[in-house]
Amino acid sequence: MRLPAEWESHECTWMGWPHQKKGWPGRFQEMKYVFGLMAFILTRQCGEKIRILVLDSDHKTEAERILKSMDAHLDMISFHAIETDRSWLRDTAPIFVEDQERKLVGLDFLFNGWNRYSNFQLDNAAKIQIAKIAQAIHREPRLGSQRVILEGGAIDVNERSALLTTEECLLAGKTARHPDWTKDQWEVVFETYFGTTETIWLKFGIRGDDTGGHIDDLARFTSADQIVTLDPKSAKHEQDFHALTANLEVLSNTVYNIVKLPMPDPVIYQGQQLPASYCNFYIGNEAVIVPVFNDPNDYIALGILTEIFDERRVIPFDCRALVWGYGAVHCALMQQPKII
């Protein structure tokens, strides 16, 4: 099997219409319009069809009203009534791969609420329904007899069989998915289900990240031979400085061209630091949606990514409200690759 890189052609993008009020305390009403704006950008500027999960017909009616008011391209949007616990589909939707016969497969990794929250049963049940709608072969990844716990935000790949992840998330952290597993065991999983033969293990995640060190806030492939990562010199907290320095040392010992992105100033809401990162961008068919935070470094990050993605538009997306739910653009979306 092979996990296509995010910049390869998409059949569509999956999104979950927000419904969990506890996910954005005090700011839930904003989320409907934040997701509506994402849908507008995806359909009007990224060339993406969207499949949106809703709870029921009333939820769909609400979504349609908001999407119409925001001029999203409704002809490129379909709705699917599937109950979920949350709207972060990067981590709760199947990870779509292609098999040796060039057929679409929906990998149903177990989701355990990032080993932090207890409400994840609906999210797990939704994967089977999503795979069916996508007309994908449903498969439950295992190592031996054990189901594998993994989220899409924990990994990133290029088209040359390389994968990025972190030790904190999968091995050493308090939320480690399989704390008794070794790197070798994980790499068997990666090779078996994603077709990767090289794994780059970064060390730590950033402060405020409640997933326990997801890679999509830290470092991303932008081509077969290039990785963007956060610049330790831009860190405003000692903990982030040491974590990013350790990660950069790992990357500096690889064959890849490493490009450094700044960090915005810490985003604090109700006394809590949130995981604000320019690495949490989403690569659509025709454009790249980049989180911004009304920070001077927004323009530096956008400039760097505009030079990197010179064949796609780079579109800033204000994530100051969205990140209150401990995620940003990439966390909210999951691509379904086009199998040609």
# chains A, B, ... in the order shown; residues from 1 in each chain; ligands from 1

call {"tool": "select_by_dssp", "arguments": {"residues": "segment 143-281 of chain A", "states": "strand (DSSP E or B)", "output": "VMD selection string"}}
result
chain A and resid 143 146 to 147 149 156 to 157 162 to 166 198 to 202 219 to 223 226 to 230 257 to 261 267 to 269 272 to 274

call {"tool": "closest_atom_pairs", "arguments": {"of": "segment 58-96 of chain A", "to": "segment 109-118 of chain A", "cutoff": "12 Å", "atoms": "only C-alpha atoms", "output": "tab-separated table"}}
result
residue	atom	partner	partner_atom	distance
A:Asp85	CA	A:Gly113	CA	9.6
A:Arg86	CA	A:Gly113	CA	9.8
A:Trp88	CA	A:Gly113	CA	10.8
A:Leu89	CA	A:Phe111	CA	11.1
A:Arg90	CA	A:Phe111	CA	11.2
A:Asp91	CA	A:Phe111	CA	7.5
A:Thr92	CA	A:Phe111	CA	6.5
A:Ala93	CA	A:Phe109	CA	8.9
A:Pro94	CA	A:Phe109	CA	7.0
A:Ile95	CA	A:Phe109	CA	7.8
A:Phe96	CA	A:Phe109	CA	10.8

call {"tool": "residues_around", "arguments": {"residues": "segment 209-220 of chain A", "least_positions_apart": "3", "cutoff": "7 Å", "atoms": "only C-alpha atoms", "output": "number ranges by chain"}}
result
A: 114, 153-156, 164-166, 168-169, 173, 175, 204-206, 227-230, 274-275, 277, 279-280, 326

call {"tool": "write_last_selection", "arguments": {"atoms": "C-alpha atoms", "output": "PDB file, in the first residue's frame"}}
result
ATOM      1  CA  TRP A 114      -5.443  11.172  21.948  1.00  0.00           C
ATOM      2  CA  GLY A 153      -2.040  14.397  12.455  1.00  0.00           C
ATOM      3  CA  ALA A 154       0.686  12.203  13.960  1.00  0.00           C
ATOM      4  CA  ILE A 155       2.327  11.482  10.587  1.00  0.00           C
ATOM      5  CA  ASP A 156       3.357  13.232   7.381  1.00  0.00           C
ATOM      6  CA  LEU A 164       7.770  12.149   9.736  1.00  0.00           C
ATOM      7  CA  THR A 165       6.516  11.589  13.293  1.00  0.00           C
ATOM      8  CA  THR A 166       7.527  12.283  16.908  1.00  0.00           C
ATOM      9  CA  GLU A 168       6.668  12.153  22.239  1.00  0.00           C
ATOM     10  CA  CYS A 169       3.446  11.190  20.467  1.00  0.00           C
ATOM     11  CA  GLY A 173       4.976  10.937  26.110  1.00  0.00           C
ATOM     12  CA  THR A 175      -0.244  10.194  25.830  1.00  0.00           C
ATOM     13  CA  PHE A 204       8.934  16.782  21.034  1.00  0.00           C
ATOM     14  CA  GLY A 205       5.801  18.740  20.249  1.00  0.00           C
ATOM     15  CA  ILE A 206       5.026  22.376  21.057  1.00  0.00           C
ATOM     16  CA  ILE A 227      10.862  19.778   4.951  1.00  0.00           C
ATOM     17  CA  VAL A 228       9.643  22.912   6.710  1.00  0.00           C
ATOM     18  CA  THR A 229       9.987  23.069  10.474  1.00  0.00           C
ATOM     19  CA  LEU A 230       9.686  25.610  13.279  1.00  0.00           C
ATOM     20  CA  LEU A 274      -2.863  27.219  22.454  1.00  0.00           C
ATOM     21  CA  PRO A 275      -0.972  25.274  19.735  1.00  0.00           C
ATOM     22  CA  SER A 277       1.756  27.042  14.376  1.00  0.00           C
ATOM     23  CA  CYS A 279       3.057  24.299  10.014  1.00  0.00           C
ATOM     24  CA  ASN A 280      -0.624  23.394  10.346  1.00  0.00           C
ATOM     25  CA  TYR A 326      -6.579  22.983  20.169  1.00  0.00           C
TER      26      TYR A 326
END

call {"tool": "closest_residue", "arguments": {"among": "A:Ile128, A:Leu42, A:Val288, A:Leu53", "to": "Ala72 of chain A", "atoms": "only C-alpha atoms"}}
result
A:Leu42

call {"tool": "closest_atom_pairs", "arguments": {"of": "segment 175-252 of chain A", "to": "segment 132-143 of chain A", "cutoff": "10 Å", "atoms": "only C-alpha atoms", "output": "JSON lines"}}
result
{"residue": "A:Gln185", "atom": "CA", "partner": "A:Leu143", "partner_atom": "CA", "distance": 7.9}
{"residue": "A:Trp186", "atom": "CA", "partner": "A:Leu143", "partner_atom": "CA", "distance": 8.7}
{"residue": "A:Val188", "atom": "CA", "partner": "A:Leu143", "partner_atom": "CA", "distance": 8.1}
{"residue": "A:Val189", "atom": "CA", "partner": "A:Leu143", "partner_atom": "CA", "distance": 6.7}
{"residue": "A:Thr192", "atom": "CA", "partner": "A:Pro141", "partner_atom": "CA", "distance": 8.9}
{"residue": "A:Tyr193", "atom": "CA", "partner": "A:Pro141", "partner_atom": "CA", "distance": 7.3}

call {"tool": "write_last_selection", "arguments": {"atoms": "N, CA and C atoms", "output": "CSV table (one decimal), in the first residue's frame"}}
result
chain,number,residue,atom,x,y,z
A,185,GLN,N,8.8,-1.6,15.8
A,185,GLN,CA,7.4,-2.0,15.7
A,185,GLN,C,6.6,-1.0,14.9
A,186,TRP,N,6.7,0.2,15.3
A,186,TRP,CA,6.0,1.3,14.6
A,186,TRP,C,6.4,1.3,13.1
A,188,VAL,N,7.4,-1.1,11.2
A,188,VAL,CA,6.7,-2.2,10.5
A,188,VAL,C,5.3,-1.8,10.1
A,189,VAL,N,4.6,-1.1,11.1
A,189,VAL,CA,3.2,-0.6,10.7
A,189,VAL,C,3.3,0.4,9.6
A,192,THR,N,4.0,-1.4,6.3
A,192,THR,CA,2.9,-2.3,5.9
A,192,THR,C,1.8,-1.5,5.3
A,193,TYR,N,1.4,-0.4,6.0
A,193,TYR,CA,0.2,0.3,5.6
A,193,TYR,C,0.3,1.6,4.8

call {"tool": "closest_residue", "arguments": {"among": "A:Phe79, A:Phe221, A:Trp181, A:Phe120", "to": "Ala162 of chain A", "atoms": "only C-alpha atoms"}}
result
A:Phe221

call {"tool": "residues_around", "arguments": {"residues": "Glu249 of chain A", "least_positions_apart": "3", "cutoff": "12 Å", "atoms": "only C-alpha atoms", "output": "list in words"}}
result
Ile200, Trp201, Leu202, Lys203, Phe204, Thr229, Leu230, Asp231, Pro232, His242, Ala243, Leu244, Thr245, Ala246, Ser252, Asn253, Thr254 and Ile258 of chain A

call {"tool": "closest_residue", "arguments": {"among": "A:Ser78, A:Glu64, A:Val157, A:Asp240", "to": "Thr196 of chain A", "atoms": "only C-alpha atoms"}}
result
A:Val157

call {"tool": "closest_residue", "arguments": {"among": "A:Gly36, A:Gly106, A:Pro291, A:Gly16", "to": "Pro264 of chain A", "atoms": "only C-alpha atoms"}}
result
A:Pro291

call {"tool": "atom_distance", "arguments": {"atom1": "atom CA of Cys319 of chain A", "atom2": "atom CA of Met76 of chain A"}}
result
23.8 Å

call {"tool": "select_by_dssp", "arguments": {"residues": "segment 200-321 of chain A", "states": "helix (DSSP H, G or I)", "output": "ChimeraX atom specification"}}
result
/A:215-217,232-234,238-252,297-308

call {"tool": "write_last_selection", "arguments": {"atoms": "C-alpha atoms", "output": "PDB file, in the first residue's frame"}}
result
ATOM      1  CA  ILE A 215       3.858  16.315  13.690  1.00  0.00           C
ATOM      2  CA  ASP A 216       1.518  18.645  11.778  1.00  0.00           C
ATOM      3  CA  ASP A 217       2.289  21.421  14.278  1.00  0.00           C
ATOM      4  CA  PRO A 232      13.913  27.477  17.595  1.00  0.00           C
ATOM      5  CA  LYS A 233      15.165  31.080  17.515  1.00  0.00           C
ATOM      6  CA  SER A 234      11.579  32.305  17.196  1.00  0.00           C
ATOM      7  CA  GLU A 238      12.280  28.025  27.012  1.00  0.00           C
ATOM      8  CA  GLN A 239      10.424  24.722  26.739  1.00  0.00           C
ATOM      9  CA  ASP A 240       9.634  25.310  23.058  1.00  0.00           C
ATOM     10  CA  PHE A 241      13.198  26.476  22.398  1.00  0.00           C
ATOM     11  CA  HIS A 242      14.713  23.248  23.733  1.00  0.00           C
ATOM     12  CA  ALA A 243      12.119  21.064  21.998  1.00  0.00           C
ATOM     13  CA  LEU A 244      12.552  22.749  18.611  1.00  0.00           C
ATOM     14  CA  THR A 245      16.334  22.736  18.939  1.00  0.00           C
ATOM     15  CA  ALA A 246      16.266  18.977  19.512  1.00  0.00           C
ATOM     16  CA  ASN A 247      13.972  18.511  16.506  1.00  0.00           C
ATOM     17  CA  LEU A 248      16.140  20.680  14.260  1.00  0.00           C
ATOM     18  CA  GLU A 249      19.217  18.677  15.227  1.00  0.00           C
ATOM     19  CA  VAL A 250      17.478  15.491  14.034  1.00  0.00           C
ATOM     20  CA  LEU A 251      16.445  17.111  10.755  1.00  0.00           C
ATOM     21  CA  SER A 252      19.903  18.602  10.189  1.00  0.00           C
ATOM     22  CA  ASN A 297       5.431  36.729  11.792  1.00  0.00           C
ATOM     23  CA  ASP A 298       2.307  35.890   9.746  1.00  0.00           C
ATOM     24  CA  TYR A 299       3.825  37.792   6.824  1.00  0.00           C
ATOM     25  CA  ILE A 300       7.214  36.113   7.142  1.00  0.00           C
ATOM     26  CA  ALA A 301       5.633  32.654   7.190  1.00  0.00           C
ATOM     27  CA  LEU A 302       3.340  33.465   4.259  1.00  0.00           C
ATOM     28  CA  GLY A 303       6.297  34.774   2.268  1.00  0.00           C
ATOM     29  CA  ILE A 304       8.332  31.623   2.872  1.00  0.00           C
ATOM     30  CA  LEU A 305       5.440  29.325   1.962  1.00  0.00           C
ATOM     31  CA  THR A 306       4.583  31.384  -1.133  1.00  0.00           C
ATOM     32  CA  GLU A 307       8.110  30.802  -2.439  1.00  0.00           C
ATOM     33  CA  ILE A 308       7.885  27.084  -1.647  1.00  0.00           C
TER      34      ILE A 308
END

call {"tool": "closest_residue", "arguments": {"among": "A:Pro179, A:Leu163, A:Ala332, A:Pro262", "to": "Ile52 of chain A", "atoms": "only C-alpha atoms"}}
result
A:Ala332

call {"tool": "atom_distance", "arguments": {"atom1": "atom CA of His80 of chain A", "atom2": "atom CA of Ala131 of chain A"}}
result
12.0 Å

call {"tool": "atom_distance", "arguments": {"atom1": "atom CA of Glu167 of chain A", "atom2": "atom CA of Lys22 of chain A"}}
result
29.2 Å

call {"tool": "closest_residue", "arguments": {"among": "A:Ala321, A:Ala276, A:Leu333, A:Met1", "to": "Gly195 of chain A", "atoms": "only C-alpha atoms"}}
result
A:Met1
